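Right, one structure below, let's go through it.
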Amino acid sequence: MAPKSDNTEGIVLNFVNEQNRPLNSQNVADFLQKFNLKKAAIQKALDTLADSGRISFKEYGKQKIYLARQDQFDIPNSEELNRMKEENNKLQEKLDEQRKAISEVEGEIKSLQSNLTLEEIHARQTKLNKEVKEMEEKLTKLRRGVTLVSPEERKIVEGMYSDTICQWRKRKRMFNDVWDAITENSPKDLKEFKEELGIENDEDVGVSLQSFCDLIQHGKKCSRGLACKV
């Protein structure tokens with residue numbers, strides 16, 4: 001807050017009384033600089049107020065600590081302090097209840113926000129109905145013995161699959177050749193070395209090339225004359 005006065009002394013006095021805690025001139029200057037008061041003027045006002053007895057001060061070496069006069073404040077007795085503590089406890093309980101209520105409301109709002117709107121539900125229902133209809137049509141064709149995939153399409157897919165397996169096998173062999181050459185005389189632990197380089201092979205991630213090769217008809221050759229067997 002501060003001001004409530006037009007002159008520097010009045011502003012400084014008001015601030016010191018409001019704070020009612022030990023302050024040095026820098027503390028006061030930092031706060032009152034927004035009122036365009038210079039530190040020199042604030043220091044002068046503090047000294048004048050201290051000399052006139054309107055505020056108290058203590059000297060610690062070269063530094064002065066200023067404090068509001070305590071005799072101007074009403075100091076509560078033990079009975080009043082106990083009453084204030086009880087009121088404070090009641091207010092704290094009310095605050096906790098309010099926080100709990102706010103938390104519950106926020107939870108309900110978050111839950112409602114996560115639910116679909118009526119428009120979204122209709123859109124989802126329309127999409128699902130369309131998907132069900134398409135699957136029922138496919139199921140009906142299968143029951144009638146209709147071939148959904150032509151021999152030509154099957155051949156193309158099998159060819160792509162075979163080529164992919166062969167490329168996989170080729171790259172796996174190239175890596176193993178390079179890895180064996182690098183680590184042949186290496187004193188390092190190979191597992192730790194792979195982790196250090198950030199390398200994971202098929203076995204590390206639980207994938208078997210052979211299991212994919214087994215899906216291809218036995219004896220079938222890959223493109224470029226590479227066999228599908230590992």
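The way I read the labels, and the way they are meant: chains A, B, ... in the order of the structure tokens, residue 1 as the first residue of every chain, and ligand 1 as the first ligand shown, with later ones counted on from there.
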When you look at Ser25 of chain A with a cut-off of 8 Å (counting only C-alpha atoms), what residues show up, excluding the ones that are within fewer than 6 positions of it in the same chain? I need them as a list in words.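 Close residues of Ser25 of chain A: Lys39, Ile42, Gln43, Leu46, Lys64, Ile65 and Tyr66 of chain A.
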Quick one: DSSP strand (DSSP E) residues in segment 41-219 of chain A, as a ChimeraX atom specification? /A:55-60,63-68
Could you name the residues that touch segment 204-211 of chain A at 10 Å or less, counting only C-alpha atoms, but leaving out those on the same chain fewer than 2 positions away, as number ranges by chain? A: 165-166, 168-169, 172, 191, 199-202, 213-216, 228-230
Next, the residues of the selection above should be written as a tab-separated table (two decimals), in the first residue's frame with all heavy atoms.
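Result file again31.tsv:
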```tsv
chain	number	residue	atom	x	y	z
A	165	ILE	N	11.06	-59.61	-46.98
A	165	ILE	CA	11.79	-60.58	-46.15
A	165	ILE	C	13.22	-60.72	-46.63
A	165	ILE	O	14.18	-60.79	-45.83
A	165	ILE	CB	11.09	-61.95	-46.18
A	165	ILE	CG1	9.73	-61.86	-45.47
A	165	ILE	CG2	11.95	-63.03	-45.54
A	165	ILE	CD1	9.82	-61.53	-44.00
A	166	CYS	N	13.39	-60.74	-47.95
A	166	CYS	CA	14.74	-60.89	-48.50
A	166	CYS	C	15.62	-59.68	-48.19
A	166	CYS	O	16.81	-59.82	-47.89
A	166	CYS	CB	14.66	-61.11	-50.01
A	166	CYS	SG	13.97	-62.71	-50.46
A	168	TRP	N	15.25	-57.76	-45.62
A	168	TRP	CA	15.50	-57.88	-44.18
A	168	TRP	C	16.69	-58.81	-43.95
A	168	TRP	O	17.62	-58.50	-43.21
A	168	TRP	CB	14.25	-58.39	-43.50
A	168	TRP	CG	14.32	-58.55	-42.00
A	168	TRP	CD1	15.39	-58.33	-41.19
A	168	TRP	CD2	13.25	-58.98	-41.15
A	168	TRP	NE1	15.08	-58.58	-39.90
A	168	TRP	CE2	13.76	-58.99	-39.83
A	168	TRP	CE3	11.93	-59.35	-41.36
A	168	TRP	CZ2	12.98	-59.36	-38.74
A	168	TRP	CZ3	11.16	-59.71	-40.28
A	168	TRP	CH2	11.68	-59.71	-38.98
A	169	ARG	N	16.63	-60.00	-44.59
A	169	ARG	CA	17.68	-60.99	-44.43
A	169	ARG	C	19.03	-60.45	-44.91
A	169	ARG	O	20.08	-60.64	-44.27
A	169	ARG	CB	17.33	-62.26	-45.22
A	169	ARG	CG	18.39	-63.36	-45.14
A	169	ARG	CD	17.95	-64.57	-45.95
A	169	ARG	NE	18.94	-65.60	-45.91
A	169	ARG	CZ	20.03	-65.64	-46.66
A	169	ARG	NH1	20.26	-64.65	-47.52
A	169	ARG	NH2	20.90	-66.62	-46.56
A	172	LYS	N	20.36	-57.89	-42.46
A	172	LYS	CA	20.77	-58.57	-41.23
A	172	LYS	C	22.15	-59.19	-41.41
A	172	LYS	O	23.02	-59.09	-40.54
A	172	LYS	CB	19.73	-59.65	-40.88
A	172	LYS	CG	20.03	-60.43	-39.60
A	172	LYS	CD	18.94	-61.47	-39.38
A	172	LYS	CE	19.23	-62.31	-38.15
A	172	LYS	NZ	19.06	-61.54	-36.91
A	191	LYS	N	27.44	-57.00	-25.09
A	191	LYS	CA	26.12	-56.49	-24.72
A	191	LYS	C	26.21	-55.03	-24.30
A	191	LYS	O	25.40	-54.19	-24.71
A	191	LYS	CB	25.54	-57.33	-23.59
A	191	LYS	CG	24.12	-56.93	-23.21
A	191	LYS	CD	23.57	-57.85	-22.13
A	191	LYS	CE	22.15	-57.43	-21.75
A	191	LYS	NZ	21.60	-58.30	-20.67
A	199	ILE	N	22.41	-49.86	-30.19
A	199	ILE	CA	22.07	-50.85	-31.22
A	199	ILE	C	21.15	-51.91	-30.62
A	199	ILE	O	21.38	-52.41	-29.52
A	199	ILE	CB	23.35	-51.51	-31.77
A	199	ILE	CG1	24.20	-50.47	-32.51
A	199	ILE	CG2	23.01	-52.68	-32.68
A	199	ILE	CD1	25.54	-51.00	-32.97
A	200	GLU	N	20.10	-52.26	-31.37
A	200	GLU	CA	19.21	-53.36	-31.01
A	200	GLU	C	19.03	-54.25	-32.23
A	200	GLU	O	18.68	-53.75	-33.30
A	200	GLU	CB	17.85	-52.84	-30.55
A	200	GLU	CG	17.86	-52.17	-29.20
A	200	GLU	CD	16.48	-51.73	-28.76
A	200	GLU	OE1	15.65	-51.46	-29.65
A	200	GLU	OE2	16.24	-51.66	-27.55
A	201	ASN	N	19.28	-55.54	-32.09
A	201	ASN	CA	19.04	-56.44	-33.21
A	201	ASN	C	17.72	-57.18	-33.01
A	201	ASN	O	16.99	-56.92	-32.05
A	201	ASN	CB	20.21	-57.43	-33.39
A	201	ASN	CG	20.45	-58.26	-32.14
A	201	ASN	OD1	19.56	-58.38	-31.29
A	201	ASN	ND2	21.63	-58.86	-32.02
A	202	ASP	N	17.42	-58.10	-33.93
A	202	ASP	CA	16.13	-58.78	-33.87
A	202	ASP	C	15.91	-59.48	-32.53
A	202	ASP	O	14.84	-59.40	-31.93
A	202	ASP	CB	16.04	-59.82	-35.00
A	202	ASP	CG	16.11	-59.17	-36.38
A	202	ASP	OD1	15.97	-57.94	-36.44
A	202	ASP	OD2	16.31	-59.90	-37.37
A	213	CYS	N	9.86	-65.95	-42.37
A	213	CYS	CA	10.23	-66.73	-43.55
A	213	CYS	C	9.37	-67.98	-43.66
A	213	CYS	O	9.04	-68.43	-44.76
A	213	CYS	CB	11.71	-67.12	-43.49
A	213	CYS	SG	12.83	-65.75	-43.78
A	214	ASP	N	9.00	-68.55	-42.50
A	214	ASP	CA	8.21	-69.77	-42.50
A	214	ASP	C	6.82	-69.56	-43.10
A	214	ASP	O	6.15	-70.53	-43.49
A	214	ASP	CB	8.07	-70.31	-41.07
A	214	ASP	CG	9.39	-70.84	-40.53
A	214	ASP	OD1	10.30	-71.10	-41.35
A	214	ASP	OD2	9.52	-70.98	-39.30
A	215	LEU	N	6.39	-68.30	-43.15
A	215	LEU	CA	5.08	-68.01	-43.73
A	215	LEU	C	5.09	-68.14	-45.25
A	215	LEU	O	4.04	-68.27	-45.88
A	215	LEU	CB	4.62	-66.61	-43.34
A	215	LEU	CG	4.40	-66.36	-41.84
A	215	LEU	CD1	4.08	-64.90	-41.60
A	215	LEU	CD2	3.29	-67.25	-41.30
A	216	ILE	N	6.28	-68.05	-45.82
A	216	ILE	CA	6.41	-68.15	-47.27
A	216	ILE	C	6.49	-69.63	-47.65
A	216	ILE	O	7.09	-70.44	-46.94
A	216	ILE	CB	7.68	-67.41	-47.76
A	216	ILE	CG1	7.62	-65.94	-47.33
A	216	ILE	CG2	7.82	-67.51	-49.27
A	216	ILE	CD1	8.87	-65.18	-47.66
A	228	CYS	N	14.70	-67.63	-49.26
A	228	CYS	CA	13.99	-67.03	-48.15
A	228	CYS	C	14.40	-67.65	-46.83
A	228	CYS	O	13.99	-67.18	-45.78
A	228	CYS	CB	12.49	-67.21	-48.34
A	228	CYS	SG	11.86	-66.24	-49.71
A	229	LYS	N	15.13	-68.72	-46.86
A	229	LYS	CA	15.53	-69.34	-45.59
A	229	LYS	C	16.66	-68.56	-44.95
A	229	LYS	O	17.53	-68.06	-45.64
A	229	LYS	CB	15.95	-70.78	-45.85
A	229	LYS	CG	14.80	-71.66	-46.36
A	229	LYS	CD	15.28	-73.09	-46.57
A	229	LYS	CE	14.11	-73.95	-47.06
A	229	LYS	NZ	14.54	-75.35	-47.28
A	230	VAL	N	16.63	-68.50	-43.60
A	230	VAL	CA	17.65	-67.77	-42.87
A	230	VAL	C	18.90	-68.65	-42.73
A	230	VAL	O	18.78	-69.81	-42.40
A	230	VAL	CB	17.14	-67.39	-41.46
A	230	VAL	CG1	18.22	-66.68	-40.68
A	230	VAL	CG2	15.90	-66.55	-41.55
```
Can you list every residue in segment 112-217 of chain A that DSSP puts in helix (DSSP H, G or I), as a PyMOL selection string? chain A and resi 112-114+118-143+151-183+190-197+203-205+209-213
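Here atom CA of Leu49 of chain A and atom CA of Leu23 of chain A stand 13.6 Å from one another.
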Which neighbours of Thr48 of chain A fall inside 12 Å, counting only C-alpha atoms, when residues of the same chain fewer than 2 positions from it are skipped, and could you give them as a list of chain:residue names? A:Thr8, A:Glu9, A:Gly10, A:Val12, A:Leu13, A:Ala41, A:Ile42, A:Gln43, A:Lys44, A:Ala45, A:Leu46, A:Ala50, A:Asp51, A:Ser52, A:Gly53, A:Arg54, A:Ile55, A:Ser56, A:Phe57, A:Tyr66
Residues just named, written with C-alpha atoms as a PDB file, in the first residue's frame:
```pdb
ATOM      1  CA  THR A   8       8.173  11.777   1.776  1.00  0.00           C
ATOM      2  CA  GLU A   9       8.250  11.538   5.568  1.00  0.00           C
ATOM      3  CA  GLY A  10       4.550  10.728   5.719  1.00  0.00           C
ATOM      4  CA  VAL A  12       7.889   6.454   4.714  1.00  0.00           C
ATOM      5  CA  LEU A  13       6.221   6.561   8.144  1.00  0.00           C
ATOM      6  CA  ALA A  41      15.312  11.192   0.279  1.00  0.00           C
ATOM      7  CA  ILE A  42      14.086   8.002   1.926  1.00  0.00           C
ATOM      8  CA  GLN A  43      17.236   7.750   4.057  1.00  0.00           C
ATOM      9  CA  LYS A  44      16.805  11.350   5.167  1.00  0.00           C
ATOM     10  CA  ALA A  45      13.154  10.736   6.048  1.00  0.00           C
ATOM     11  CA  LEU A  46      14.044   7.629   8.059  1.00  0.00           C
ATOM     12  CA  ALA A  50      14.023   8.171  14.090  1.00  0.00           C
ATOM     13  CA  ASP A  51      15.490  11.348  15.582  1.00  0.00           C
ATOM     14  CA  SER A  52      12.015  12.688  16.364  1.00  0.00           C
ATOM     15  CA  GLY A  53      11.034   9.401  18.024  1.00  0.00           C
ATOM     16  CA  ARG A  54       8.238   8.609  15.575  1.00  0.00           C
ATOM     17  CA  ILE A  55       9.920   5.331  14.684  1.00  0.00           C
ATOM     18  CA  SER A  56      12.501   3.193  16.518  1.00  0.00           C
ATOM     19  CA  PHE A  57      15.909   2.180  15.246  1.00  0.00           C
ATOM     20  CA  TYR A  66      14.241   0.754  11.555  1.00  0.00           C
TER      21      TYR A  66
END
```
For Gln72 of chain A, which residue out of A:Glu18, A:Asn36, A:Leu91, A:Gln26 is the nearest one, using only C-alpha atoms? A:Glu18
Two-atom distance - atom CA of Lys141 of chain A, atom CA of Ile156 of chain A (Å):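 Distance reported for this atom pair: 22.3 Å.
From atom CA of Asn14 of chain A back to atom CA of Lys34 of chain A, the distance works out to 15.2 Å.
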